[in-house]
Amino acid sequence: MTDSIMSKAATMEIPINSNGDTGTLPEDDSLEQDLQQVMVSGPNLNETSIVSGGYGGTAEGSSMQHSSSSSSMAGEEATRGVAVEKLESVKKWSLNTYKCTKQMISERFGRGSRTVDLELEAQIEVLRDTKRKYETVLRLARALTTHFYNMVQTQHALGDTFADLSQKSPELRVKFYSCVRTCSAHACDTSVWCSQDEFGYNAETQKLLCKNGETLLGAINFFVSSINTLVNKTMEDSLMTIKMYESARLEFDAYRSDLEELGLGPRDAVAIARIEAAQAQYQIHKDKYERLRSDVTIKLKFLEENKVKVMHKQLLLFHNAISAYFAGNQQQLEQTLQQFSIKLKPPGADKPSWLEEQ
C-alpha cells in the first residue's frame with residue numbers, strides 16, 4: 001500500500017514540457033517526509049494550502065484566505081445587526097399595540113379612564129357633521145351638472161336638426177305683410193312683404209340657449225371644483241391630523257394607565273427601574289399628544305376661516321349665474337364669469353389631438 005501511494009505522488013509531481021517530454025525530477029526529501037506524516041497522523045487540513053504552481057502553500061494564498069474570511073465575518077455581523085434592529089422594532093410595535101388595545105377595550109367597557117378635551121371634541125364633531133353636509137351638496141351639484149350638460153347637448157342637437165330642416169322645408173316659410181315707412185325726397189314706401197323661416201327661427205333660439213347653457217355650465221363646474229377641493233382636500237387634511245391626534249391620545253392614556261398600575265405595586269429595585277422606564281415613555285407620549293392637540297386646534301381655526309371665505313364666494317357665484325341664466329340675461333351671465341375670473345374652455349379642448357392619439 002505504501003508503494004502505491006508513493007507511486008501516485010510521484011506521478012502527480014511529474015512536470016510536462018511544452019513539447020510533451022518529461023523533465024528531470026529534482027531530489028526533494030520534503031515530499032517523502034510529508035507523505036510519511038500523512039500515513040502516520042492523517043492530513044492536517046488547517047495547515048494545508050494548495051496554490052497553482054506546485055506543491056506547498058505561499059504567504060499570498062494564506063493572506064487571501066484571511067481577507068475573504070474577515071469580509072464574510074463583517075457581512076455576517078452587518079446582517080445580524082439588521083436582524084436585531086428589526087426584531088427590536090417588532091418587539092416595540094407589539095408592546096405598543098398590546099397596550100393600546102388593552103386601553104381601548106377598557107374604555108369600551110367603562111373600566112378605563114380617557115383624557116377628554118371637551119371644547120376640542122365639540123369642534124371636531126362639528127367639522128365631521130359639516131363635511132357630511134358638504135358632501136351632500138357636492139353630490140347634488142355634480143348631479144345637476146350632469147343633467148344640465150345632457151340638456152345642453154340635447155339643445156345643440158335640436159338646433160342642428162332645426163337648421164337642417166330649414167333648408168329642406170320651404171313650405172314652412174310664412175310670408176306676411178309688414179308696414180315699414182321709408183321716406184325720401186320724392187317717394188314714400190310704407191309696405192313690404194316679409195318671410196319668416198319657422199325652423200330657422202327655432203334653430204337660432206336653441207343655439208342661443210345652448211351658448212348660455214355652456215356659460216352656466218362653466219360657472220357650475222367652477223363651483224363643483226371649489227367645493228370638491230374644500231371637502232376632499234382641505235377638510236380631509238384636517239381630519240387626517242385629527243386621526244393622528246386621537247391615536248396619540250389613546251397611546252398617552254395607555255402609558256398613563258400603565259404608569260398608574262406600576263405605582264400601586266411594590267417598590268423594590270426591579271419595580272423602581274420599571275417605573276422609571278414607564279415614566280420616560282409616558283413623558284414621550286404626553287409631549288406627542290400635546291403637540292398634536294395644538295396642531296389640530298390651529299388647523300381647525302384656519303379651516304373655519306378658509307371655509308367662510310370660499311363658501312361666500314362660491315354661493316354668490318352660483319346665485320348670480322343661475323339667476324342670470326333663467327332670466328335670459330346673457331350679458332349679466334357673462335359679467336358674472338368675468339367677475340370671478342372664470343375662463344370657458346373652447347369646444348373640444350378636453351379631447352386629445354390626433355398626434356396624441358397616435
# chains A, B, ... in the order shown; residues from 1 in each chain; ligands from 1
>>> residues_around(residues="Ile242 in chain A", least_positions_apart="5", cutoff="9 Å", atoms="only C-alpha atoms", output="PyMOL selection string")
chain A and resi 124+237+247+292-293+295-296
>>> write_last_selection(atoms="all heavy atoms", output="PDB file, in the first residue's frame")
ATOM      1  N   ILE A 124     -64.367  69.141  16.717  1.00  0.00           N
ATOM      2  CA  ILE A 124     -64.132  68.009  15.808  1.00  0.00           C
ATOM      3  C   ILE A 124     -65.454  67.417  15.334  1.00  0.00           C
ATOM      4  O   ILE A 124     -65.623  67.095  14.146  1.00  0.00           O
ATOM      5  CB  ILE A 124     -63.264  66.943  16.506  1.00  0.00           C
ATOM      6  CG1 ILE A 124     -61.843  67.476  16.725  1.00  0.00           C
ATOM      7  CG2 ILE A 124     -63.226  65.661  15.692  1.00  0.00           C
ATOM      8  CD1 ILE A 124     -60.968  66.574  17.554  1.00  0.00           C
ATOM      9  N   ASP A 237     -57.535  66.839   5.003  1.00  0.00           N
ATOM     10  CA  ASP A 237     -56.227  67.039   5.634  1.00  0.00           C
ATOM     11  C   ASP A 237     -56.381  67.292   7.126  1.00  0.00           C
ATOM     12  O   ASP A 237     -55.625  66.750   7.948  1.00  0.00           O
ATOM     13  CB  ASP A 237     -55.511  68.207   4.958  1.00  0.00           C
ATOM     14  CG  ASP A 237     -54.162  68.500   5.599  1.00  0.00           C
ATOM     15  OD1 ASP A 237     -53.244  67.675   5.437  1.00  0.00           O
ATOM     16  OD2 ASP A 237     -54.024  69.547   6.259  1.00  0.00           O
ATOM     17  N   SER A 247     -55.110  58.920  17.845  1.00  0.00           N
ATOM     18  CA  SER A 247     -54.194  57.802  18.082  1.00  0.00           C
ATOM     19  C   SER A 247     -53.178  58.151  19.171  1.00  0.00           C
ATOM     20  O   SER A 247     -52.865  57.316  20.041  1.00  0.00           O
ATOM     21  CB  SER A 247     -53.481  57.445  16.779  1.00  0.00           C
ATOM     22  OG  SER A 247     -52.538  56.415  16.985  1.00  0.00           O
ATOM     23  N   LEU A 292     -49.794  67.334  18.992  1.00  0.00           N
ATOM     24  CA  LEU A 292     -50.839  67.093  18.005  1.00  0.00           C
ATOM     25  C   LEU A 292     -52.133  67.809  18.372  1.00  0.00           C
ATOM     26  O   LEU A 292     -52.876  68.248  17.483  1.00  0.00           O
ATOM     27  CB  LEU A 292     -51.087  65.588  17.869  1.00  0.00           C
ATOM     28  CG  LEU A 292     -49.999  64.819  17.109  1.00  0.00           C
ATOM     29  CD1 LEU A 292     -50.237  63.324  17.187  1.00  0.00           C
ATOM     30  CD2 LEU A 292     -49.956  65.265  15.649  1.00  0.00           C
ATOM     31  N   ARG A 293     -52.414  67.950  19.652  1.00  0.00           N
ATOM     32  CA  ARG A 293     -53.601  68.703  20.050  1.00  0.00           C
ATOM     33  C   ARG A 293     -53.472  70.165  19.618  1.00  0.00           C
ATOM     34  O   ARG A 293     -54.443  70.777  19.148  1.00  0.00           O
ATOM     35  CB  ARG A 293     -53.803  68.603  21.563  1.00  0.00           C
ATOM     36  CG  ARG A 293     -55.046  69.339  22.069  1.00  0.00           C
ATOM     37  CD  ARG A 293     -55.258  69.133  23.541  1.00  0.00           C
ATOM     38  NE  ARG A 293     -54.141  69.669  24.312  1.00  0.00           N
ATOM     39  CZ  ARG A 293     -54.085  69.630  25.649  1.00  0.00           C
ATOM     40  NH1 ARG A 293     -55.065  69.054  26.343  1.00  0.00           N
ATOM     41  NH2 ARG A 293     -53.040  70.121  26.285  1.00  0.00           N
ATOM     42  N   ASP A 295     -51.672  71.202  17.070  1.00  0.00           N
ATOM     43  CA  ASP A 295     -51.800  71.211  15.613  1.00  0.00           C
ATOM     44  C   ASP A 295     -53.257  71.164  15.168  1.00  0.00           C
ATOM     45  O   ASP A 295     -53.669  71.871  14.234  1.00  0.00           O
ATOM     46  CB  ASP A 295     -51.040  70.029  15.007  1.00  0.00           C
ATOM     47  CG  ASP A 295     -49.532  70.159  15.184  1.00  0.00           C
ATOM     48  OD1 ASP A 295     -49.067  71.274  15.495  1.00  0.00           O
ATOM     49  OD2 ASP A 295     -48.822  69.141  15.013  1.00  0.00           O
ATOM     50  N   VAL A 296     -54.052  70.343  15.837  1.00  0.00           N
ATOM     51  CA  VAL A 296     -55.469  70.233  15.491  1.00  0.00           C
ATOM     52  C   VAL A 296     -56.188  71.549  15.754  1.00  0.00           C
ATOM     53  O   VAL A 296     -57.008  72.013  14.944  1.00  0.00           O
ATOM     54  CB  VAL A 296     -56.124  69.070  16.273  1.00  0.00           C
ATOM     55  CG1 VAL A 296     -57.641  69.104  16.123  1.00  0.00           C
ATOM     56  CG2 VAL A 296     -55.600  67.735  15.781  1.00  0.00           C
TER      57      VAL A 296
END
>>> residues_around(residues="Phe199 in chain A", least_positions_apart="5", cutoff="12 Å", atoms="only C-alpha atoms", output="list in words")
Leu158, Gly159, Asp160, Thr161, Phe162, Ala163, Asp164, Leu165, Ser166, Gln167, Lys168, Ser169, Pro170, Glu171, Leu172, Arg173, Val174, Glu204, Thr205 and Gln206 of chain A
>>> write_last_selection(atoms="C-alpha atoms", output="PDB file, in the first residue's frame")
ATOM      1  CA  LEU A 158     -82.095  70.001 -31.702  1.00  0.00           C
ATOM      2  CA  GLY A 159     -80.734  73.266 -33.078  1.00  0.00           C
ATOM      3  CA  ASP A 160     -78.708  71.410 -35.715  1.00  0.00           C
ATOM      4  CA  THR A 161     -81.786  69.427 -36.720  1.00  0.00           C
ATOM      5  CA  PHE A 162     -83.913  72.579 -36.998  1.00  0.00           C
ATOM      6  CA  ALA A 163     -81.228  74.243 -39.144  1.00  0.00           C
ATOM      7  CA  ASP A 164     -81.101  71.221 -41.461  1.00  0.00           C
ATOM      8  CA  LEU A 165     -84.904  71.145 -41.821  1.00  0.00           C
ATOM      9  CA  SER A 166     -84.926  74.865 -42.527  1.00  0.00           C
ATOM     10  CA  GLN A 167     -83.074  74.233 -45.773  1.00  0.00           C
ATOM     11  CA  LYS A 168     -85.335  71.353 -46.785  1.00  0.00           C
ATOM     12  CA  SER A 169     -88.779  72.735 -45.883  1.00  0.00           C
ATOM     13  CA  PRO A 170     -89.506  75.871 -47.928  1.00  0.00           C
ATOM     14  CA  GLU A 171     -93.247  75.353 -47.492  1.00  0.00           C
ATOM     15  CA  LEU A 172     -92.961  76.308 -43.814  1.00  0.00           C
ATOM     16  CA  ARG A 173     -91.677  79.762 -44.616  1.00  0.00           C
ATOM     17  CA  VAL A 174     -94.503  82.105 -43.687  1.00  0.00           C
ATOM     18  CA  GLU A 204     -81.335  80.234 -33.696  1.00  0.00           C
ATOM     19  CA  THR A 205     -83.222  80.112 -30.396  1.00  0.00           C
ATOM     20  CA  GLN A 206     -81.789  76.705 -29.486  1.00  0.00           C
TER      21      GLN A 206
END
>>> closest_residue(among="A:Gln330, A:Ser89, A:Asn306, A:Ser257", to="Arg111 in chain A", atoms="only C-alpha atoms")
A:Ser257
>>> closest_residue(among="A:Leu259, A:Val126, A:Glu77, A:Leu344", to="Tyr282 in chain A", atoms="only C-alpha atoms")
A:Leu259
>>> residues_around(residues="Glu135 in chain A", least_positions_apart="3", cutoff="9 Å", atoms="only C-alpha atoms", output="VMD selection string")
chain A and resid 130 to 132 138 to 140 227 to 228 231 to 232
>>> write_last_selection(atoms="C-alpha atoms", output="mmCIF file, in the first residue's frame")
data_model
loop_
_atom_site.group_PDB
_atom_site.id
_atom_site.type_symbol
_atom_site.label_atom_id
_atom_site.label_comp_id
_atom_site.auth_asym_id
_atom_site.auth_seq_id
_atom_site.Cartn_x
_atom_site.Cartn_y
_atom_site.Cartn_z
ATOM 1 C CA THR A 130 -70.146 69.857 8.257
ATOM 2 C CA LYS A 131 -68.132 67.559 5.988
ATOM 3 C CA ARG A 132 -71.083 65.156 5.682
ATOM 4 C CA LEU A 138 -71.206 68.253 -3.743
ATOM 5 C CA ARG A 139 -73.108 65.129 -4.800
ATOM 6 C CA LEU A 140 -76.223 67.123 -5.742
ATOM 7 C CA ILE A 227 -66.409 72.565 -3.158
ATOM 8 C CA ASN A 228 -64.544 69.366 -4.034
ATOM 9 C CA VAL A 231 -64.236 68.864 1.156
ATOM 10 C CA ASN A 232 -61.792 66.265 -0.163
#
>>> closest_residue(among="A:Arg249, A:Lys102, A:Lys86, A:Arg114", to="Arg291 in chain A", atoms="only C-alpha atoms")
A:Arg249
>>> residues_around(residues="His285 in chain A", least_positions_apart="4", cutoff="12 Å", atoms="only C-alpha atoms", output="list in words")
Asn96, Tyr245, Ser247, Ala248, Arg249, Leu250, Glu251, Phe252, Asp253, Ala254, Tyr255, Arg256, Ala278, Gln279, Ala280, Gln281, Tyr289, Glu290, Arg291 and Leu292 of chain A
>>> write_last_selection(atoms="C-alpha atoms", output="mmCIF file, in the first residue's frame")
data_model
loop_
_atom_site.group_PDB
_atom_site.id
_atom_site.type_symbol
_atom_site.label_atom_id
_atom_site.label_comp_id
_atom_site.auth_asym_id
_atom_site.auth_seq_id
_atom_site.Cartn_x
_atom_site.Cartn_y
_atom_site.Cartn_z
ATOM 1 C CA ASN A 96 -47.344 49.361 21.972
ATOM 2 C CA TYR A 245 -54.311 63.193 17.440
ATOM 3 C CA SER A 247 -54.194 57.802 18.082
ATOM 4 C CA ALA A 248 -51.723 59.824 20.175
ATOM 5 C CA ARG A 249 -54.422 60.332 22.812
ATOM 6 C CA LEU A 250 -55.009 56.576 23.032
ATOM 7 C CA GLU A 251 -51.269 55.884 23.372
ATOM 8 C CA PHE A 252 -50.930 58.574 26.015
ATOM 9 C CA ASP A 253 -53.789 57.121 28.074
ATOM 10 C CA ALA A 254 -52.382 53.600 27.660
ATOM 11 C CA TYR A 255 -48.955 54.549 29.043
ATOM 12 C CA ARG A 256 -50.587 56.712 31.717
ATOM 13 C CA ALA A 278 -42.631 53.785 32.213
ATOM 14 C CA GLN A 279 -42.266 57.402 33.343
ATOM 15 C CA ALA A 280 -39.955 58.119 30.407
ATOM 16 C CA GLN A 281 -42.386 56.542 27.921
ATOM 17 C CA TYR A 289 -50.256 64.192 22.433
ATOM 18 C CA GLU A 290 -49.956 67.867 23.388
ATOM 19 C CA ARG A 291 -48.155 68.718 20.144
ATOM 20 C CA LEU A 292 -50.839 67.093 18.005
#
>>> closest_residue(among="A:Gly218, A:Thr79, A:Ala273, A:Glu246", to="Thr336 in chain A", atoms="only C-alpha atoms")
A:Gly218
>>> select_by_dssp(residues="range 189-296 of chain A", states="strand (DSSP E)", output="PyMOL selection string")
chain A and resi 189+192-197
